[in-house]
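Visitor: Sharing query34.txt here; it has compact mmCIF, C-alpha atoms.
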# COMPACT_ATOMS: atom_id res chain seq x y z
CA ALA A 1 36.74 2.75 30.32
CA GLN A 2 39.28 0.42 28.81
CA SER A 3 39.42 -0.02 25.04
CA VAL A 4 41.82 -0.90 22.26
CA THR A 5 42.06 0.42 18.73
CA GLN A 6 43.77 -1.57 16.03
CA LEU A 7 44.84 0.94 13.45
CA ASP A 8 44.82 -1.34 10.42
CA SER A 9 42.10 -3.78 9.47
CA HIS A 10 44.33 -5.43 6.83
CA VAL A 11 48.10 -5.68 6.51
CA SER A 12 49.87 -7.35 3.61
CA VAL A 13 53.57 -8.21 3.62
CA SER A 14 55.95 -10.33 1.60
CA GLU A 15 57.47 -13.42 3.12
CA GLY A 16 60.74 -12.57 4.85
CA THR A 17 59.90 -8.91 5.42
CA PRO A 18 59.09 -7.32 8.80
CA VAL A 19 55.60 -7.30 10.28
CA LEU A 20 54.10 -4.37 12.19
CA LEU A 21 50.57 -4.55 13.56
CA ARG A 22 49.55 -1.40 15.40
CA CYS A 23 47.48 -1.12 18.54
CA ASN A 24 46.62 1.81 20.79
CA TYR A 25 44.91 1.35 24.11
CA SER A 26 42.88 3.45 26.48
CA SER A 27 42.91 2.61 30.16
CA SER A 28 42.51 4.51 33.36
CA TYR A 29 44.54 1.88 35.18
CA SER A 30 47.86 0.21 34.53
CA PRO A 31 46.60 -2.21 31.94
CA SER A 32 47.22 -5.82 31.16
CA LEU A 33 47.59 -6.15 27.40
CA PHE A 34 47.60 -9.18 25.16
CA TRP A 35 47.92 -10.18 21.55
CA TYR A 36 45.92 -13.18 20.38
CA VAL A 37 46.08 -14.86 16.98
CA GLN A 38 43.25 -16.67 15.21
CA HIS A 39 44.09 -18.90 12.27
CA PRO A 40 41.27 -19.85 9.90
CA ASN A 41 38.89 -22.32 11.52
CA LYS A 42 41.08 -22.50 14.61
CA GLY A 43 40.65 -21.23 18.14
CA LEU A 44 42.23 -18.09 19.56
CA GLN A 45 45.79 -18.55 20.75
CA LEU A 46 47.73 -16.25 23.06
CA LEU A 47 50.83 -14.80 21.40
CA LEU A 48 52.10 -12.72 24.28
CA LYS A 49 51.03 -10.66 27.27
CA TYR A 50 52.15 -7.56 29.15
CA THR A 51 51.39 -7.31 32.84
CA SER A 52 53.59 -4.41 34.07
CA ALA A 53 56.88 -6.26 34.09
CA ALA A 54 59.33 -5.68 31.22
CA THR A 55 58.02 -3.26 28.58
CA LEU A 56 59.39 -5.40 25.74
CA VAL A 57 57.49 -8.64 25.69
CA LYS A 58 58.57 -11.66 23.69
CA GLY A 59 55.98 -14.16 22.54
CA ILE A 60 55.71 -17.30 20.55
CA ASN A 61 56.74 -17.75 16.91
CA GLY A 62 59.20 -14.84 16.99
CA PHE A 63 56.64 -12.14 17.75
CA GLU A 64 57.26 -9.38 20.25
CA ALA A 65 55.48 -6.25 21.42
CA GLU A 66 56.60 -3.10 23.20
CA PHE A 67 54.46 -1.35 25.79
CA LYS A 68 54.87 2.43 25.43
CA LYS A 69 52.93 4.27 28.10
CA SER A 70 53.74 7.72 26.70
CA GLU A 71 52.21 6.73 23.36
CA THR A 72 49.54 4.40 24.80
CA SER A 73 50.67 1.84 22.25
CA PHE A 74 51.33 -1.88 22.20
CA HIS A 75 52.41 -2.64 18.64
CA LEU A 76 53.16 -6.21 17.56
CA THR A 77 56.25 -6.88 15.47
CA LYS A 78 58.15 -9.73 13.88
CA PRO A 79 61.45 -9.31 12.03
CA SER A 80 60.67 -11.75 9.22
CA ALA A 81 57.22 -12.90 8.15
CA HIS A 82 56.49 -16.52 7.36
CA MET A 83 53.64 -17.81 5.27
CA SER A 84 52.22 -19.54 8.34
CA ASP A 85 51.81 -16.14 10.03
CA ALA A 86 48.82 -15.36 7.83
CA ALA A 87 45.92 -15.04 10.29
CA GLU A 88 43.81 -12.53 12.19
CA TYR A 89 45.46 -10.81 15.12
CA PHE A 90 43.65 -9.25 18.05
CA CYS A 91 44.99 -6.69 20.48
CA VAL A 92 43.28 -7.15 23.83
CA VAL A 93 43.11 -5.23 27.09
CA SER A 94 42.05 -6.75 30.37
CA LEU A 95 39.79 -4.89 32.74
CA SER A 96 41.36 -4.40 36.13
CA GLY A 97 39.62 -5.94 39.05
CA GLY A 98 39.02 -9.34 40.45
CA TYR A 99 38.86 -11.14 37.16
CA ASN A 100 40.24 -11.10 33.68
CA LYS A 101 37.49 -9.71 31.45
CA LEU A 102 38.99 -9.25 28.00
CA ILE A 103 38.15 -6.35 25.69
CA PHE A 104 39.11 -7.13 22.10
CA GLY A 105 40.16 -4.83 19.31
CA ALA A 106 38.50 -5.17 15.94
CA GLY A 107 41.31 -7.34 14.60
CA THR A 108 43.95 -7.03 11.89
CA ARG A 109 44.03 -9.55 9.09
CA LEU A 110 47.62 -10.30 8.08
CA ALA A 111 48.28 -11.60 4.59
CA VAL A 112 51.73 -12.94 3.70
CA HIS A 113 52.69 -13.18 0.04
CA PRO A 114 55.47 -15.35 -1.38
CA GLY B 1 41.34 -33.88 25.52
CA ALA B 2 43.53 -31.29 27.14
CA GLY B 3 41.90 -28.19 25.71
CA VAL B 4 38.58 -26.41 25.96
CA SER B 5 35.92 -28.18 23.96
CA GLN B 6 32.64 -26.85 22.67
CA SER B 7 29.65 -28.53 21.14
CA PRO B 8 28.14 -28.50 18.68
CA SER B 9 30.73 -27.06 16.33
CA ASN B 10 27.98 -25.83 14.04
CA LYS B 11 24.31 -25.22 14.72
CA VAL B 12 21.69 -24.14 12.22
CA THR B 13 18.32 -23.26 13.63
CA GLU B 14 15.13 -21.52 12.63
CA LYS B 15 14.15 -18.15 13.98
CA GLY B 16 12.18 -18.50 17.18
CA LYS B 17 13.70 -21.81 18.28
CA ASP B 18 15.75 -22.26 21.45
CA VAL B 19 19.36 -23.44 21.32
CA GLU B 20 21.84 -24.73 23.87
CA LEU B 21 25.58 -24.39 23.45
CA ARG B 22 27.94 -26.41 25.60
CA CYS B 23 31.42 -25.69 26.90
CA ASP B 24 33.77 -28.14 28.62
CA PRO B 25 36.63 -26.18 30.20
CA ILE B 26 40.08 -27.47 30.95
CA SER B 27 39.97 -29.65 34.05
CA GLY B 28 40.77 -27.66 37.17
CA HIS B 29 40.09 -24.26 35.64
CA THR B 30 37.86 -22.32 38.00
CA ALA B 31 37.15 -19.34 35.75
CA LEU B 32 35.03 -19.66 32.61
CA TYR B 33 34.09 -17.00 30.09
CA TRP B 34 31.72 -16.78 27.14
CA TYR B 35 32.38 -14.45 24.23
CA ARG B 36 30.61 -13.85 20.94
CA GLN B 37 32.29 -13.14 17.62
CA SER B 38 30.11 -11.59 14.96
CA LEU B 39 30.76 -9.64 11.78
CA GLY B 40 29.19 -6.46 12.97
CA GLN B 41 30.30 -6.42 16.60
CA GLY B 42 33.68 -8.16 16.60
CA LEU B 43 34.58 -10.16 19.69
CA GLU B 44 32.55 -9.24 22.74
CA PHE B 45 32.34 -10.50 26.30
CA LEU B 46 29.10 -12.13 27.38
CA ILE B 47 29.43 -13.62 30.86
CA TYR B 48 32.00 -14.76 33.43
CA PHE B 49 31.79 -17.66 35.88
CA GLN B 50 33.86 -18.19 38.97
CA GLY B 51 33.01 -21.72 40.02
CA ASN B 52 29.25 -22.03 39.57
CA SER B 53 28.54 -18.35 40.21
CA ALA B 54 28.28 -15.67 37.55
CA PRO B 55 29.46 -12.39 39.10
CA ASP B 56 29.37 -10.59 35.75
CA LYS B 57 26.55 -11.11 33.29
CA SER B 58 26.84 -7.62 31.89
CA GLY B 59 27.60 -8.73 28.34
CA LEU B 60 24.47 -10.80 27.79
CA PRO B 61 22.66 -8.87 25.04
CA SER B 62 19.10 -9.56 26.15
CA ASP B 63 17.02 -11.60 28.57
CA ARG B 64 16.74 -14.28 25.89
CA PHE B 65 20.31 -15.21 26.77
CA SER B 66 21.16 -17.18 29.89
CA ALA B 67 23.99 -19.39 31.05
CA GLU B 68 24.70 -21.78 33.85
CA ARG B 69 27.62 -23.78 35.10
CA THR B 70 27.37 -26.94 37.12
CA GLY B 71 29.90 -28.76 39.24
CA GLY B 72 32.39 -25.99 38.60
CA SER B 73 32.94 -27.51 35.18
CA VAL B 74 30.58 -27.71 32.20
CA SER B 75 28.73 -24.57 31.16
CA THR B 76 25.68 -24.19 28.95
CA LEU B 77 24.72 -21.01 27.12
CA THR B 78 21.03 -20.96 26.21
CA ILE B 79 19.45 -18.64 23.70
CA GLN B 80 15.66 -18.59 23.68
CA ARG B 81 13.52 -17.54 20.73
CA THR B 82 16.55 -17.07 18.51
CA GLN B 83 16.72 -14.12 16.15
CA GLN B 84 18.79 -13.68 13.01
CA GLU B 85 21.04 -11.19 14.78
CA ASP B 86 22.07 -13.98 17.15
CA SER B 87 24.01 -15.58 14.30
CA ALA B 88 27.65 -15.58 15.36
CA VAL B 89 30.47 -17.74 16.63
CA TYR B 90 30.15 -18.32 20.36
CA LEU B 91 33.49 -18.82 22.07
CA CYS B 92 34.18 -20.24 25.48
CA ALA B 93 37.40 -19.74 27.42
CA SER B 94 38.70 -20.96 30.74
CA SER B 95 41.56 -20.01 33.01
CA LEU B 96 43.17 -21.52 36.07
CA GLU B 97 42.19 -18.60 38.25
CA SER B 98 40.32 -15.41 37.61
CA ARG B 99 43.12 -12.87 37.81
CA ASN B 100 45.84 -12.33 35.27
CA ASN B 101 45.96 -15.82 33.91
CA GLU B 102 45.93 -16.86 30.30
CA GLN B 103 42.51 -17.67 28.96
CA PHE B 104 42.43 -20.78 26.81
CA PHE B 105 39.81 -20.62 24.11
CA GLY B 106 37.74 -23.37 22.60
CA PRO B 107 37.15 -23.68 18.85
CA GLY B 108 33.72 -22.08 19.11
CA THR B 109 30.19 -22.92 18.05
CA ARG B 110 29.04 -21.34 14.82
CA LEU B 111 25.34 -20.50 15.18
CA THR B 112 23.28 -19.68 12.13
CA VAL B 113 19.70 -18.54 12.59
CA LEU B 114 17.64 -18.76 9.42
Let's see the structure in the file written out as structure tokens.
Guide:
Amino acid sequence: AQSVTQLDSHVSVSEGTPVLLRCNYSSSYSPSLFWYVQHPNKGLQLLLKYTSAATLVKGINGFEAEFKKSETSFHLTKPSAHMSDAAEYFCVVSLSGGYNKLIFGAGTRLAVHP
Amino acid sequence: GAGVSQSPSNKVTEKGKDVELRCDPISGHTALYWYRQSLGQGLEFLIYFQGNSAPDKSGLPSDRFSAERTGGSVSTLTIQRTQQEDSAVYLCASSLESRNNEQFFGPGTRLTVL
């Protein structure tokens, strides 16, 4: 069965420092993986997605993630945090098959301090 | 509007009452999904529609939950005899097709059962 584990429930960084949000996945197929962001009182927004093309995926707002099959990881990074990055981030795997059923991780809340 | 809309944005009801939650997907999107976001369970899949058919209802937590979609567009999630554990944010998403396409999420309906 497919699943994702987000290794940190909370991450706190200073503005201008790098961001690392960790995610490990479990899948018996070649997975499709996503990162979504949820700002307070806003809907979920897709940051980036991996669908078996390039292993380094670039997303919006300077975020990127690297698919590492040997480590079953899909960590999200950003070189320099901005205050507006404070939000909850979800690592998501899609079940293979005829449709795109999403399985969400528990989420990581990112705090950015001045 | 151009995005997925949901109504009401907030719903407070008494235990035992029935509620209906509405989702208007993006025009032309054939796939529609319902998810639930709660403190204890995180974000979990409820049901998937392709057109007016629901090939996967596996996430509906009990037979008190049902959903329909008409005209390949609007969907209604109905919860009968609400219980306190039904309190959550109910999210709707739509995508252009069912496979490997970005799901666009609505802002959600926050349901509180007293």
Visitor: Please list as a ChimeraX atom specification every residue within 9 Å of B:Leu43, counting only C-alpha atoms and excluding residues in the same chain fewer than 4 positions away.
Guide: /A:103-107 /B:35-39
Visitor: Can you work out the spacing between atom CA of A:Pro31 and atom CA of A:Gln2 in Å, to one decimal?
Guide: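 Interatomic distance here is 8.4 Å.
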Visitor: Neighbours of B:Leu60 within 9 Å (all atoms listed in the file; same-chain residues fewer than 4 positions away dropped), as a PyMOL selection string?
Guide: chain B and resi 45-47+64-66
Visitor: Which residues are close to A:Leu56, i.e. within 7 Å by only C-alpha atoms, leaving aside same-chain residues fewer than 3 positions away? Reply as a CSV table (one decimal) with C-alpha atoms, in the coordinates of the input.
Guide:
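Saved the output as out-v2.csv:
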chain,number,residue,atom,x,y,z
A,65,ALA,CA,55.5,-6.2,21.4
A,66,GLU,CA,56.6,-3.1,23.2
A,67,PHE,CA,54.5,-1.4,25.8
Visitor: Write out as a PyMOL selection string the residues lying within 7 Å of B:Asn10, counting only C-alpha atoms and excluding same-chain residues fewer than 2 positions away.
Guide: chain B and resi 8+12+109-111
